[in-house]
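Undergrad: Right, I'll just put the structure down here and ask away after.
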Amino acid sequence: MLGAALIAALLAWPAAAAVPVGGVQVVRAYPHDPGAFTEGLFYLKGELFESTGMPGQSNVRRVRLADGAVLQLAPIAPNLFGEGIVNWGDEIVSLTWQNHIGFRWDRKTLTQKKTFSYPGEGWALTQDGKHLIMSDGTASLRVLDPLTFKELKRIPVTADGRPVDQLNELEWVKGEILANIWQTKRIARIDPATGHVKGWIDLFALPETQGGGNPDAVANGIAYDREHDRLFVTGKYWPHLYEVKLTPPARTAP
């Protein structure tokens, strides 16, 4: 169910033209595991890493971009619900949803090295080179010390002056935080300094967003190849991962 704050924001969009709405153009479609309940995604040095959720199905995996093959997989305990991941140094940091448990994995071997705890829910992670940034389903993003996971501050996220919650999978792209809005076709482009949504990215051009299938198969998963300036998006149970280019706003409200 959508949060009250997000519903209010959705209802307000036609009347408030402040936040521009752009789209995407598909550059290339790659195969993606249709059994993956995608929770986290990132691309680093030619490799794609993904985390999946659901009790008994949660894992962290290394994926070959070209054909979607799972090259390496590390399961998470079957009683836990895996969530987002991010790279930090030679490690991968991962979250669980309502279990208050996080993990640190060796990025080369996917061996679990350490566990840590945190309050509240864990949804997604990204990083800006200095800090980790975490979503927890609320209208605020947590800025964290990457070594201790201590919370340093929060970034309240707003669009047209209204809080935006259901912030899910995150990716740092060219000084902005991109965030899937859970159960929608939209990605928010968030200014990390102010928390203001600078623009919306509508994924309506992607076939999997057209509905008619599994209601859980929502857009979720953003990865950025900094070396080659490539943006990738996918979703839970999607059979494709897409390289996309952003298209400019054709209108200021949907």
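Residue names in the structure tokens use chain letters A, B, ... in the order shown, residue numbers from 1 in each chain, and ligand numbers from 1 in the order shown.
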Please provide the set of residues having any atom within 7 Å of segment 176-187 of chain A, restricted to only C-alpha atoms, with same-chain residues fewer than 5 positions apart removed, written as an MDAnalysis selection string.

TA: chainID A and resid 166:171 192 200:204 209 218:220

Undergrad: Counting only C-alpha atoms, which residues of segment 128-246 of chain A sit at most 10 Å from some atom of segment 91-115 of chain A, and what is each one's closest atom pair with its distance in Å to one decimal, listed by chain and rising residue number, as JSON lines?

TA:
{"residue": "A:Leu132", "atom": "CA", "partner": "A:Val93", "partner_atom": "CA", "distance": 9.4}
{"residue": "A:Met134", "atom": "CA", "partner": "A:Leu95", "partner_atom": "CA", "distance": 9.4}
{"residue": "A:Asp136", "atom": "CA", "partner": "A:Trp97", "partner_atom": "CA", "distance": 8.5}
{"residue": "A:Gly137", "atom": "CA", "partner": "A:Trp97", "partner_atom": "CA", "distance": 9.9}
{"residue": "A:Pro146", "atom": "CA", "partner": "A:Val93", "partner_atom": "CA", "distance": 9.0}
{"residue": "A:Phe149", "atom": "CA", "partner": "A:Gly102", "partner_atom": "CA", "distance": 9.6}

Undergrad: Return as a VMD selection string the full set of residues in segment 41-220 of chain A whose backbone-based DSSP assignment is strand (DSSP E or B).

TA: chain A and resid 41 to 44 47 to 52 59 to 63 70 to 75 82 to 88 91 to 96 101 to 106 112 to 117 124 to 127 132 to 135 140 to 144 151 to 156 158 to 159 162 to 163 167 to 173 176 to 181 186 to 190 196 to 202 219 to 220

Undergrad: Between A:Ser135, A:Ser58, A:Asn79, A:Thr247, single out the one closest to Gly199 of chain A, counting only C-alpha atoms.

TA: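 For Gly199 of chain A, the nearest of the given residues is A:Thr247.
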
Undergrad: I'd like to know which of A:Val86, A:Ala159, A:Leu206, A:Ala29 is closest to His131 of chain A, using only C-alpha atoms.

TA: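 Selected residue with least distance to His131 of chain A: A:Val86.
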
Undergrad: How far is it from atom CA of Pro34 of chain A to atom CA of His240 of chain A, in Å with one decimal?

TA: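 Interatomic distance, atom CA of Pro34 of chain A to atom CA of His240 of chain A: 7.8 Å.
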
Undergrad: Find the spatial neighbours of Gly221 of chain A, counting only C-alpha atoms, within a cut-off of 6 Å - ignore same-chain residues fewer than 3 positions away - and output them as number ranges by chain.

TA: A: 40-41, 169, 233-235

Undergrad: Output N, CA and C atoms of each residue in that selection to a file, as a CSV table (one decimal), in the first residue's frame.

TA:
chain,number,residue,atom,x,y,z
A,40,GLY,N,18.6,-4.9,-4.6
A,40,GLY,CA,19.7,-4.0,-4.7
A,40,GLY,C,20.5,-4.3,-6.0
A,41,LEU,N,21.2,-3.3,-6.5
A,41,LEU,CA,21.9,-3.4,-7.8
A,41,LEU,C,23.0,-2.4,-7.8
A,169,GLU,N,15.1,1.4,-3.9
A,169,GLU,CA,16.4,1.2,-4.4
A,169,GLU,C,17.1,2.5,-4.8
A,233,VAL,N,18.5,-0.1,-15.5
A,233,VAL,CA,17.3,-0.2,-14.6
A,233,VAL,C,16.7,-1.6,-14.8
A,234,THR,N,16.1,-2.1,-13.8
A,234,THR,CA,15.4,-3.4,-13.9
A,234,THR,C,14.3,-3.4,-12.8
A,235,GLY,N,13.7,-4.6,-12.5
A,235,GLY,CA,12.6,-4.7,-11.5
A,235,GLY,C,12.6,-6.1,-11.0

Undergrad: So the first atom is atom CA of Val173 of chain A and the second is atom CA of Arg142 of chain A; what is the distance between them in Å, to one decimal place?

TA: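 Distance between the two atoms: 17.3 Å.
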
Undergrad: Which of these, A:Leu44, A:Val164, A:Ala18, A:Ile133, has the shortest distance to Leu152 of chain A once you count only C-alpha atoms?

TA: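 The closest residue to Leu152 of chain A is A:Ile133.
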
Undergrad: From the options A:Lys150, A:Lys245, A:Val143, A:Arg230, which residue's atoms come nearest to Ala205 of chain A, counting only C-alpha atoms?

TA: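 Under the stated criterion, the closest residue is A:Lys245.
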
Undergrad: Excluding Ala69 of chain A and its own-chain neighbours fewer than 6 positions away, which residues fall within 12 Å of it when counting only C-alpha atoms? Please give them as a short mmCIF file (atom, residue, chain, number, x, y, z; two decimals) with C-alpha atoms, in the first residue's frame.

TA:
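Saved file result.cif follows:
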data_model
loop_
_atom_site.label_atom_id
_atom_site.label_comp_id
_atom_site.auth_asym_id
_atom_site.auth_seq_id
_atom_site.Cartn_x
_atom_site.Cartn_y
_atom_site.Cartn_z
CA TYR A 30 19.83 -7.62 -21.46
CA PRO A 31 18.47 -10.89 -20.04
CA HIS A 32 17.67 -10.82 -16.33
CA ASP A 33 16.77 -13.65 -13.98
CA PRO A 34 12.93 -13.62 -13.88
CA ALA A 36 15.04 -12.62 -8.86
CA GLU A 47 30.82 -6.39 -12.93
CA LEU A 48 27.15 -6.31 -11.99
CA PHE A 49 26.13 -7.13 -8.42
CA GLU A 50 22.57 -7.80 -7.31
CA ARG A 61 25.09 -12.44 -6.42
CA ARG A 62 27.57 -11.55 -9.13
CA VAL A 63 25.88 -11.37 -12.53
#

Undergrad: I want to know what sits within 8 Å of Leu246 of chain A, based on only C-alpha atoms, with residues of the same chain fewer than 4 positions away left out; could you give that as number ranges by chain?

TA: A: 22-25, 201

Undergrad: As an exercise, work out the distance from atom CA of Thr52 of chain A to atom CA of Lys174 of chain A in Å and give it to one decimal place.

TA: 25.7 Å

Undergrad: With distances taken over only C-alpha atoms, which residue among A:Ala223, A:Val60, A:Ala193, A:Val244 lies nearest Phe81 of chain A?

TA: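 Distance minimum relative to Phe81 of chain A lands on A:Val60.
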